[in-house]
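K.L.:
So here's input-v2.txt (compact mmCIF, C-alpha atoms).
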```
# COMPACT_ATOMS: atom_id res chain seq x y z
CA MET A 75 0.00 0.00 0.00
CA SER A 76 1.35 3.36 -0.94
CA LEU A 77 2.08 6.14 1.52
CA ALA A 78 -0.55 8.36 -0.14
CA LYS A 79 -3.26 5.72 0.39
CA VAL A 80 -2.30 5.27 4.06
CA PHE A 81 -2.26 9.03 4.53
CA GLY A 82 -5.70 9.28 2.85
CA ILE A 83 -7.17 6.55 5.06
CA VAL A 84 -5.74 8.16 8.22
CA LEU A 85 -7.03 11.56 7.14
CA LEU A 86 -10.46 10.07 6.39
CA LEU A 87 -10.53 8.37 9.83
CA LEU A 88 -9.54 11.62 11.56
CA VAL A 89 -12.15 13.66 9.69
CA GLY A 90 -14.79 10.97 10.34
CA SER A 91 -13.90 10.89 14.05
CA ALA A 92 -14.01 14.69 14.26
CA VAL A 93 -17.45 14.74 12.61
CA LEU A 94 -18.69 11.99 14.93
CA VAL A 95 -17.39 13.70 18.09
CA GLY A 96 -18.68 17.09 16.88
CA GLY A 97 -22.08 15.53 16.17
CA CYS A 98 -22.19 14.02 19.66
CA PHE A 99 -21.36 17.38 21.27
CA TYR A 100 -23.89 19.16 19.08
CA SER A 101 -26.59 16.62 19.96
CA GLY A 102 -25.73 16.65 23.70
CA TYR A 103 -25.65 20.44 23.84
CA ASN A 104 -29.05 20.65 22.13
CA LYS A 105 -30.52 18.03 24.47
CA ALA A 106 -29.33 20.00 27.53
CA VAL A 107 -30.94 23.16 26.14
CA ALA A 108 -34.18 21.32 25.27
CA LEU A 109 -34.42 19.78 28.76
CA ASP A 110 -33.82 23.16 30.37
CA GLU A 111 -36.52 24.74 28.21
CA SER A 112 -38.86 21.89 29.11
CA VAL A 113 -38.34 22.65 32.82
CA GLN A 114 -38.91 26.38 32.22
CA GLY A 115 -42.08 25.68 30.24
CA ALA A 116 -43.40 23.28 32.88
CA TRP A 117 -42.70 25.87 35.59
CA ALA A 118 -44.61 28.49 33.59
CA GLN A 119 -47.64 26.18 33.62
CA VAL A 120 -47.37 25.66 37.40
CA ASP A 121 -47.07 29.41 37.87
CA ASN A 122 -50.06 29.89 35.57
CA GLN A 123 -52.25 27.61 37.68
CA MET A 124 -51.00 29.25 40.89
CA GLN A 125 -51.97 32.63 39.43
CA ARG A 126 -55.45 31.29 38.61
CA ARG A 127 -55.76 29.96 42.14
CA PHE A 128 -54.77 33.30 43.63
CA GLU A 129 -57.30 35.10 41.44
CA LEU A 130 -60.12 32.83 42.69
CA ILE A 131 -59.24 33.11 46.37
CA PRO A 132 -60.28 36.76 46.96
CA ASN A 133 -63.78 35.89 45.65
CA LEU A 134 -63.95 32.84 47.89
CA VAL A 135 -62.72 34.86 50.86
CA SER A 136 -65.29 37.60 50.20
CA THR A 137 -68.09 35.04 50.08
CA VAL A 138 -66.97 33.36 53.28
CA LYS A 139 -66.43 36.71 55.02
CA GLY A 140 -70.12 37.44 54.68
CA PHE A 141 -70.84 34.38 56.82
CA ALA A 142 -67.82 34.35 59.10
CA SER A 143 -66.78 37.94 59.68
CA GLN A 144 -65.19 37.23 63.07
CA GLU A 145 -62.64 34.72 61.69
CA LYS A 146 -60.02 37.38 60.89
CA ASP A 147 -57.01 35.11 61.48
CA VAL A 148 -58.05 32.79 58.67
CA PHE A 149 -58.52 35.64 56.19
CA LEU A 150 -55.29 37.30 57.26
CA GLY A 151 -53.45 33.98 56.81
CA VAL A 152 -54.77 33.62 53.26
CA ALA A 153 -53.77 37.19 52.38
CA GLU A 154 -50.27 36.85 53.86
CA ALA A 155 -49.66 33.51 52.13
CA ARG A 156 -50.78 34.97 48.80
CA LYS A 157 -48.42 37.92 49.26
CA ALA A 158 -45.53 35.59 50.21
CA TYR A 159 -45.97 33.61 46.98
CA PHE A 160 -45.80 36.67 44.74
CA SER A 161 -42.76 38.07 46.54
CA ALA A 162 -40.85 34.75 46.43
CA GLY A 163 -37.98 34.53 43.95
CA SER A 164 -36.86 30.94 43.55
CA VAL A 165 -38.81 27.74 42.98
CA GLY A 166 -37.96 26.65 46.53
CA GLU A 167 -39.27 29.91 48.02
CA LYS A 168 -42.43 29.66 45.92
CA ALA A 169 -42.93 26.05 47.03
CA ALA A 170 -42.60 27.10 50.67
CA ALA A 171 -45.05 29.98 50.13
CA ALA A 172 -47.45 27.62 48.34
CA GLY A 173 -47.30 25.32 51.37
CA GLY A 174 -48.25 28.21 53.65
CA PHE A 175 -51.04 29.13 51.29
CA GLU A 176 -52.38 25.57 51.26
CA ARG A 177 -52.51 25.54 55.07
CA ALA A 178 -54.40 28.86 55.07
CA LEU A 179 -56.72 27.67 52.33
CA SER A 180 -57.49 24.47 54.25
CA ARG A 181 -58.45 26.53 57.28
CA LEU A 182 -60.67 28.71 55.08
CA LEU A 183 -62.48 25.70 53.66
CA VAL A 184 -62.96 24.23 57.14
CA LEU A 185 -65.10 27.28 57.96
CA ARG A 186 -67.94 25.81 55.93
CA GLU A 187 -68.31 23.14 58.64
CA THR A 188 -68.78 25.84 61.25
CA TYR A 189 -71.30 27.80 59.20
CA PRO A 190 -73.97 25.41 57.79
CA GLU A 191 -75.63 28.18 55.79
CA LEU A 192 -72.34 28.61 53.90
CA LYS A 193 -72.57 25.03 52.61
CA SER A 194 -75.76 25.88 50.72
CA ASN A 195 -74.63 29.25 49.34
CA GLN A 196 -74.51 28.94 45.52
CA GLY A 197 -71.72 31.50 45.14
CA PHE A 198 -69.56 29.64 47.63
CA LEU A 199 -70.28 26.28 46.00
CA LYS A 200 -69.38 27.57 42.51
CA LEU A 201 -66.19 29.14 43.79
CA GLN A 202 -65.29 25.98 45.68
CA ASP A 203 -65.83 23.89 42.52
CA SER A 204 -63.65 26.28 40.52
CA LEU A 205 -60.98 26.11 43.19
CA GLU A 206 -61.10 22.31 43.28
CA GLY A 207 -60.70 22.22 39.49
CA THR A 208 -57.77 24.59 39.75
CA GLU A 209 -56.19 22.47 42.48
CA ASN A 210 -56.49 19.40 40.26
CA ARG A 211 -54.92 21.21 37.30
CA LEU A 212 -52.22 22.53 39.60
CA ALA A 213 -51.44 19.01 40.85
CA VAL A 214 -51.10 17.81 37.25
CA GLU A 215 -48.83 20.73 36.32
CA ARG A 216 -46.68 20.21 39.43
CA LYS A 217 -46.23 16.58 38.47
CA ARG A 218 -45.28 17.54 34.90
CA PHE A 219 -42.83 20.10 36.24
CA ASN A 220 -41.25 17.61 38.62
CA ASP A 221 -41.04 15.03 35.80
CA ALA A 222 -39.22 17.59 33.62
CA VAL A 223 -36.91 18.45 36.53
CA LYS A 224 -36.16 14.77 37.06
CA GLU A 225 -35.31 14.27 33.40
CA LEU A 226 -33.00 17.30 33.40
CA ASN A 227 -31.34 16.33 36.69
CA VAL A 228 -30.73 12.74 35.54
CA PHE A 229 -29.18 14.07 32.33
CA THR A 230 -26.92 16.54 34.19
CA ARG A 231 -25.71 13.84 36.60
CA ARG A 232 -24.51 11.56 33.80
CA LEU A 233 -20.87 11.85 32.78
CA LEU A 234 -21.32 13.31 29.30
CA GLY A 235 -24.56 15.01 30.28
CA ARG A 236 -22.67 17.00 32.90
CA ILE A 237 -20.24 18.17 30.20
CA TYR A 238 -23.02 19.09 27.78
CA ALA A 239 -25.00 20.88 30.50
CA SER A 240 -21.98 22.94 31.55
CA MET A 241 -21.31 23.83 27.89
CA ALA A 242 -24.93 25.00 27.53
CA ASN A 243 -24.82 26.76 30.92
CA VAL A 244 -27.67 24.54 32.19
CA GLU A 245 -27.82 23.75 35.90
CA LYS A 246 -29.63 21.18 38.01
CA ALA A 247 -33.21 22.28 38.74
CA GLU A 248 -35.16 22.32 42.03
CA TYR A 249 -38.22 20.15 42.50
CA PHE A 250 -41.48 21.80 43.52
CA GLU A 251 -42.17 20.09 46.82
CA ILE A 252 -44.83 20.99 49.34
CA SER A 253 -43.71 20.80 52.95
CA GLN A 254 -44.93 17.89 55.07
CA GLU A 255 -46.69 20.40 57.33
CA ALA A 256 -48.78 21.66 54.40
CA LYS A 257 -49.87 18.11 53.55
CA THR A 258 -51.62 17.53 56.88
CA ALA A 259 -55.18 18.70 57.42
CA PRO A 260 -55.44 21.62 59.83
CA LYS A 261 -57.23 21.32 63.16
CA VAL A 262 -59.51 24.32 63.35
CA ASP A 263 -61.67 24.91 66.41
CA PHE A 264 -63.98 27.91 66.49
CA SER A 265 -65.86 26.80 69.57
CA LYS A 266 -64.18 29.41 71.80
CA PRO A 267 -65.10 33.09 71.54
CA SER A 268 -62.24 35.06 69.96
CA GLY A 269 -61.39 36.83 73.26
CA GLU A 270 -60.55 33.59 75.07
CA GLY A 271 -57.07 32.04 74.93
```
Could you spell out this file's structure in structure tokens?

P.N.:
Amino acid sequence: MSLAKVFGIVLLLLVGSAVLVGGCFYSGYNKAVALDESVQGAWAQVDNQMQRRFELIPNLVSTVKGFASQEKDVFLGVAEARKAYFSAGSVGEKAAAAGGFERALSRLLVLRETYPELKSNQGFLKLQDSLEGTENRLAVERKRFNDAVKELNVFTRRLLGRIYASMANVEKAEYFEISQEAKTAPKVDFSKPSGEG
């Protein structure tokens, strides 16, 4: 075999290897970007449903206030939790604020047990149905977000995935987790007059 043929084969192997390696990096980089965008899009949907929830709550609170005007702590808790969510910056802070909101919302919904006439109020029932629908959509969107986060985090923990993610400036994402405290049903007792402690 002539030197020119050997040189041509070596050159062809080098060019082929360079194209293969370049293609792998190109593909890995694009996958890291796509996974990051998937997480961002899923978070936007969670945030969307949270916004819808927070728009429904003032109407629910107003309806309940008409029946339970002395339960100021419950209404104040809902308002403070809503404010905490909108002032939170990171996913973790928003998850913590959402947990506080869910505790306050649970206490608000428990009021219907204390005020039987509230159970039959059509406005309250419609708002409660809307809120339950929103909560269901929110649960679905949270799951989708956490699935996207899992996929991104698995990719970034793999050897080559870590390299591609750092090239694309993509970092591990935070899961949206509700605190254990927010998962437990509140114990609300309105049997004492508000002046007693």

K.L.:
Pick from A:Leu88, A:Cys98, A:Ala172, A:Ala106: nearest to A:Tyr238, with only C-alpha atoms counted?

P.N.:
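Distance minimum relative to A:Tyr238 lands on A:Ala106.
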
K.L.:
Determine the nearest neighbour of A:Ala170 from the options A:Tyr249, A:Leu233, A:Ser112, A:Leu86, counting only C-alpha atoms.

P.N.:
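Residue with the minimum atom-to-atom distance to A:Ala170: A:Tyr249.
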
K.L.:
Give me the box for stretch 223-239 of chain A as lines of an AutoDock Vina configuration file, namely the centre and edge lengths in Å to one decimal of a box along x, y and z that holds every listed atom plus 4 Å on each side.

P.N.:
```
center_x = -28.6
center_y = 16.2
center_z = 32.4
size_x = 24.7
size_y = 17.3
size_z = 17.3
```

K.L.:
Which residue gives the smallest distance to A:Ala171 among A:Ile252, A:Leu85, A:Leu150, A:Val107, with only C-alpha atoms counted?

P.N.:
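The closest residue to A:Ala171 is A:Ile252.
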
K.L.:
Once you count only C-alpha atoms, which residues end up no further than 10 Å from (-57.2, 28.3, 50.1) in the file's frame, shown as a count of residues only?

P.N.:
30

K.L.:
When you draw a straight line from atom CA of A:Thr208 to atom CA of A:Arg126, how long is it in Å?

P.N.:
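Spanning atom CA of A:Thr208 to atom CA of A:Arg126 is a straight-line distance of 7.2 Å.
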
K.L.:
Of the residues A:Ser91, A:Asn133, A:Ser164, A:Asn220, which is the one nearest to A:Lys200, using all atoms listed in the file?

P.N.:
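Closest residue, counting all atoms listed in the file: A:Asn133.
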
K.L.:
Using Å and a single decimal, report how far atom CA of A:Val113 sits from atom CA of A:Glu167.

P.N.:
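Atom-to-atom, atom CA of A:Glu167 and atom CA of A:Val113 are spaced 16.9 Å apart.
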
K.L.:
So how far away is atom CA of A:Asn122 from atom CA of A:Asn210, in Å?

P.N.:
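According to the coordinates, atom CA of A:Asn210 and atom CA of A:Asn122 are separated by 13.2 Å.
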
K.L.:
Can you tell me, as number ranges by chain, what residues are no more than 10 Å from A:Phe219 when counting all atoms listed in the file, ignoring any on the same chain fewer than 2 positions away?

P.N.:
A: 112-120, 213-217, 221-225, 248-250

K.L.:
Between A:Gly102, A:Gly97, A:Gly235, A:Gly173, which one has atoms that come closest to A:Met124, using all atoms listed in the file?

P.N.:
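Result for the nearest residue to A:Met124: A:Gly173.
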
K.L.:
Can you fill out stretch 96-123 of chain A with N, CA and C atoms and hand it back as an mmCIF file, in the frame of the given file?

P.N.:
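The new file part.cif reads:
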```
data_model
loop_
_atom_site.group_PDB
_atom_site.id
_atom_site.type_symbol
_atom_site.label_atom_id
_atom_site.label_comp_id
_atom_site.auth_asym_id
_atom_site.auth_seq_id
_atom_site.Cartn_x
_atom_site.Cartn_y
_atom_site.Cartn_z
ATOM 1 N N GLY A 96 -17.969 15.804 17.002
ATOM 2 C CA GLY A 96 -18.680 17.090 16.880
ATOM 3 C C GLY A 96 -20.182 16.890 16.890
ATOM 4 N N GLY A 97 -20.648 15.843 16.196
ATOM 5 C CA GLY A 97 -22.080 15.530 16.170
ATOM 6 C C GLY A 97 -22.598 15.166 17.548
ATOM 7 N N CYS A 98 -21.790 14.389 18.290
ATOM 8 C CA CYS A 98 -22.190 14.020 19.660
ATOM 9 C C CYS A 98 -22.304 15.263 20.540
ATOM 10 N N PHE A 99 -21.314 16.158 20.454
ATOM 11 C CA PHE A 99 -21.360 17.380 21.270
ATOM 12 C C PHE A 99 -22.536 18.267 20.864
ATOM 13 N N TYR A 100 -22.772 18.369 19.585
ATOM 14 C CA TYR A 100 -23.890 19.160 19.080
ATOM 15 C C TYR A 100 -25.207 18.600 19.609
ATOM 16 N N SER A 101 -25.374 17.291 19.489
ATOM 17 C CA SER A 101 -26.590 16.620 19.960
ATOM 18 C C SER A 101 -26.754 16.760 21.473
ATOM 19 N N GLY A 102 -25.683 16.541 22.240
ATOM 20 C CA GLY A 102 -25.730 16.650 23.700
ATOM 21 C C GLY A 102 -26.040 18.061 24.156
ATOM 22 N N TYR A 103 -25.416 19.037 23.507
ATOM 23 C CA TYR A 103 -25.650 20.440 23.840
ATOM 24 C C TYR A 103 -27.132 20.776 23.606
ATOM 25 N N ASN A 104 -27.650 20.372 22.447
ATOM 26 C CA ASN A 104 -29.050 20.650 22.130
ATOM 27 C C ASN A 104 -30.005 19.955 23.091
ATOM 28 N N LYS A 105 -29.666 18.736 23.519
ATOM 29 C CA LYS A 105 -30.520 18.030 24.470
ATOM 30 C C LYS A 105 -30.539 18.769 25.805
ATOM 31 N N ALA A 106 -29.386 19.248 26.267
ATOM 32 C CA ALA A 106 -29.330 20.000 27.530
ATOM 33 C C ALA A 106 -30.206 21.246 27.441
ATOM 34 N N VAL A 107 -30.124 21.952 26.329
ATOM 35 C CA VAL A 107 -30.940 23.160 26.140
ATOM 36 C C VAL A 107 -32.423 22.801 26.097
ATOM 37 N N ALA A 108 -32.773 21.728 25.379
ATOM 38 C CA ALA A 108 -34.180 21.320 25.270
ATOM 39 C C ALA A 108 -34.740 20.916 26.629
ATOM 40 N N LEU A 109 -33.958 20.187 27.428
ATOM 41 C CA LEU A 109 -34.420 19.780 28.760
ATOM 42 C C LEU A 109 -34.611 20.994 29.663
ATOM 43 N N ASP A 110 -33.702 21.946 29.571
ATOM 44 C CA ASP A 110 -33.820 23.160 30.370
ATOM 45 C C ASP A 110 -35.067 23.945 29.972
ATOM 46 N N GLU A 111 -35.323 24.047 28.686
ATOM 47 C CA GLU A 111 -36.520 24.740 28.210
ATOM 48 C C GLU A 111 -37.789 24.004 28.639
ATOM 49 N N SER A 112 -37.721 22.683 28.655
ATOM 50 C CA SER A 112 -38.860 21.890 29.110
ATOM 51 C C SER A 112 -39.184 22.198 30.573
ATOM 52 N N VAL A 113 -38.149 22.302 31.402
ATOM 53 C CA VAL A 113 -38.340 22.650 32.820
ATOM 54 C C VAL A 113 -38.928 24.050 32.937
ATOM 55 N N GLN A 114 -38.400 25.000 32.168
ATOM 56 C CA GLN A 114 -38.910 26.380 32.220
ATOM 57 C C GLN A 114 -40.370 26.442 31.780
ATOM 58 N N GLY A 115 -40.708 25.701 30.720
ATOM 59 C CA GLY A 115 -42.080 25.680 30.240
ATOM 60 C C GLY A 115 -43.030 25.040 31.256
ATOM 61 N N ALA A 116 -42.573 23.953 31.870
ATOM 62 C CA ALA A 116 -43.400 23.280 32.880
ATOM 63 C C ALA A 116 -43.606 24.199 34.083
ATOM 64 N N TRP A 117 -42.552 24.934 34.467
ATOM 65 C CA TRP A 117 -42.700 25.870 35.590
ATOM 66 C C TRP A 117 -43.701 26.974 35.247
ATOM 67 N N ALA A 118 -43.667 27.442 33.998
ATOM 68 C CA ALA A 118 -44.610 28.490 33.590
ATOM 69 C C ALA A 118 -46.049 28.011 33.747
ATOM 70 N N GLN A 119 -46.301 26.729 33.457
ATOM 71 C CA GLN A 119 -47.640 26.180 33.620
ATOM 72 C C GLN A 119 -48.033 26.075 35.098
ATOM 73 N N VAL A 120 -47.089 25.695 35.953
ATOM 74 C CA VAL A 120 -47.370 25.660 37.400
ATOM 75 C C VAL A 120 -47.692 27.073 37.872
ATOM 76 N N ASP A 121 -46.879 28.020 37.466
ATOM 77 C CA ASP A 121 -47.070 29.410 37.870
ATOM 78 C C ASP A 121 -48.414 29.934 37.359
ATOM 79 N N ASN A 122 -48.784 29.529 36.165
ATOM 80 C CA ASN A 122 -50.060 29.890 35.570
ATOM 81 C C ASN A 122 -51.225 29.418 36.441
ATOM 82 N N GLN A 123 -51.180 28.164 36.851
ATOM 83 C CA GLN A 123 -52.250 27.610 37.680
ATOM 84 C C GLN A 123 -52.255 28.251 39.073
#
```
